[in-house]
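First comes the structure, then the notes that go with it.
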Amino acid sequence: YMLGYSEEELLHKTWDSLTHPDDMDDNISNFNRMMSGEIERYELEKRFIKKNGQVLYTHVTVSCQRSFHRALAVSHAELELVLASSRLGYWMWDLVSDQISNDQQTAVMLGCSLAELNEGKQVWLNAIVNEDRVETFHALEQHIAGITPAYRNEYRIRRTDGEIRWIRDVGKVMERKEGKPVKICGIHQDITREKQREASLKLAASVYENSSEAMSVLNRHGKILNINPAFCAIMGYRDEEIIGKNISLLKSERYSAADFHTIKKEIGKFQSWQG
């Protein structure tokens, strides 16, 4: 509107028809230098011809989007490096085209090539084991509907070689149009080792709780932190009577100081003692 034209009128105008004739050469020279890659941007004092014939004096800055795309490419490369070093996979779901694109790390998790993985969204979704699919799809639908602030779920996939792996999947709607979600971005993380450690700890806890032998957990100073049910049954103490006390409370006259020194030495070396 500074030039007196409507938006529709400007769309049918050329740049030279709006520029003062005496400024054309300088404008074209700088424009050609920018397009050739010699410069990324330029500034100049420029005169425009308004619709009513008057001259409008302006200061113009023109930049090439080439630098933006280069910066975007660098940022994308840096993101891929961070995700790869963290062993995280990136995915993006275009809800308009209903296409999911993944990165190389996600393909590694599934045991296939990136080209194979990106053939369609069903490639990854079909890899989710049957028992976990309903919950996974429900969590996604809840987030897309705006019921949850983010999508987060843990499920198992069957790799192309048949191996079962645990995946932590986190995502969020990143773009909306007219209030409707159009793009979701997220990451995949292989948490198989974490799940294996959890299972081992649960098994150890089960053995500890159900063992017929008296067991106790001590800190480095000999303070009793925890006891199992068998400890109470064999030693005759209730939890509140023994937890927090020093193990020396159980010292027996049958054992010498040398015996206790040996026990302490074994605990320090092997982190446990039995006898």
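Every chain in the structure tokens takes a letter, A first, then B, and so on in the order presented; its residues are numbered from 1, and the ligands are numbered from 1 following the presented order.
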
Among the residues of stretch 83-131 of chain A, find those DSSP assigns to helix (DSSP H, G or I) from the backbone and print them as a PyMOL selection string. chain A and resi 83-85+104-110+114-117+122-125+130-131

Running DSSP on the backbone, which parts of stretch 5-226 of chain A land in strand (DSSP E or B), as a ChimeraX atom specification? /A:19,41-49,55-63,88-94,99-102,128,151-158,164-177,180-190,216-218,223-226

What's around stretch 84-98 of chain A at 8 Å? Count only C-alpha atoms, leave out sequence neighbours fewer than 5 positions away in its own chain, and write the answer as a ChimeraX atom specification. /A:103-106,121,181-190

A:Val207, A:Ile267, A:His59, A:Gln99: which is nearest A:Gln122, counting only C-alpha atoms? A:Gln99

Please provide as a list in words all residues within 12 Å of A:Val129, with the sequence filter that same-chain residues fewer than 3 positions apart are discarded (counting only C-alpha atoms). Trp124, Leu125, Asn126, Asp132, Arg133, Val134, Glu135, Thr136, Glu154, Tyr155, Arg156, Ile157, Arg158, Arg159, Gly162, Glu163, Ile164, Arg165, Trp166 and Ile167 of chain A

So that I can check the surroundings of A:Glu119, please list as a PyMOL selection string every protein, DNA and RNA residue that reaches within 12 Å of it, counting only C-alpha atoms and ignoring chain neighbours fewer than 6 positions away. chain A and resi 99-102+107+112-113

Based on the selection just made, write N, CA and C atoms of those residues as a CSV table (one decimal), in the first residue's frame.
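Below is the file again.csv, written as the result:
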chain,number,residue,atom,x,y,z
A,99,GLN,N,2.0,-40.0,5.4
A,99,GLN,CA,3.3,-40.6,5.2
A,99,GLN,C,4.2,-40.4,6.4
A,100,ILE,N,5.0,-41.4,6.7
A,100,ILE,CA,5.9,-41.3,7.8
A,100,ILE,C,7.3,-41.5,7.3
A,101,SER,N,8.2,-40.5,7.6
A,101,SER,CA,9.6,-40.6,7.2
A,101,SER,C,10.5,-40.8,8.4
A,102,ASN,N,11.5,-41.6,8.2
A,102,ASN,CA,12.4,-42.0,9.3
A,102,ASN,C,13.8,-41.7,9.0
A,107,ALA,N,16.2,-47.1,11.1
A,107,ALA,CA,16.3,-48.3,10.2
A,107,ALA,C,17.3,-49.3,10.8
A,112,CYS,N,16.9,-53.0,8.8
A,112,CYS,CA,16.6,-52.9,7.4
A,112,CYS,C,17.3,-51.7,6.9
A,113,SER,N,17.2,-51.5,5.6
A,113,SER,CA,17.7,-50.3,5.0
A,113,SER,C,16.8,-49.1,5.1
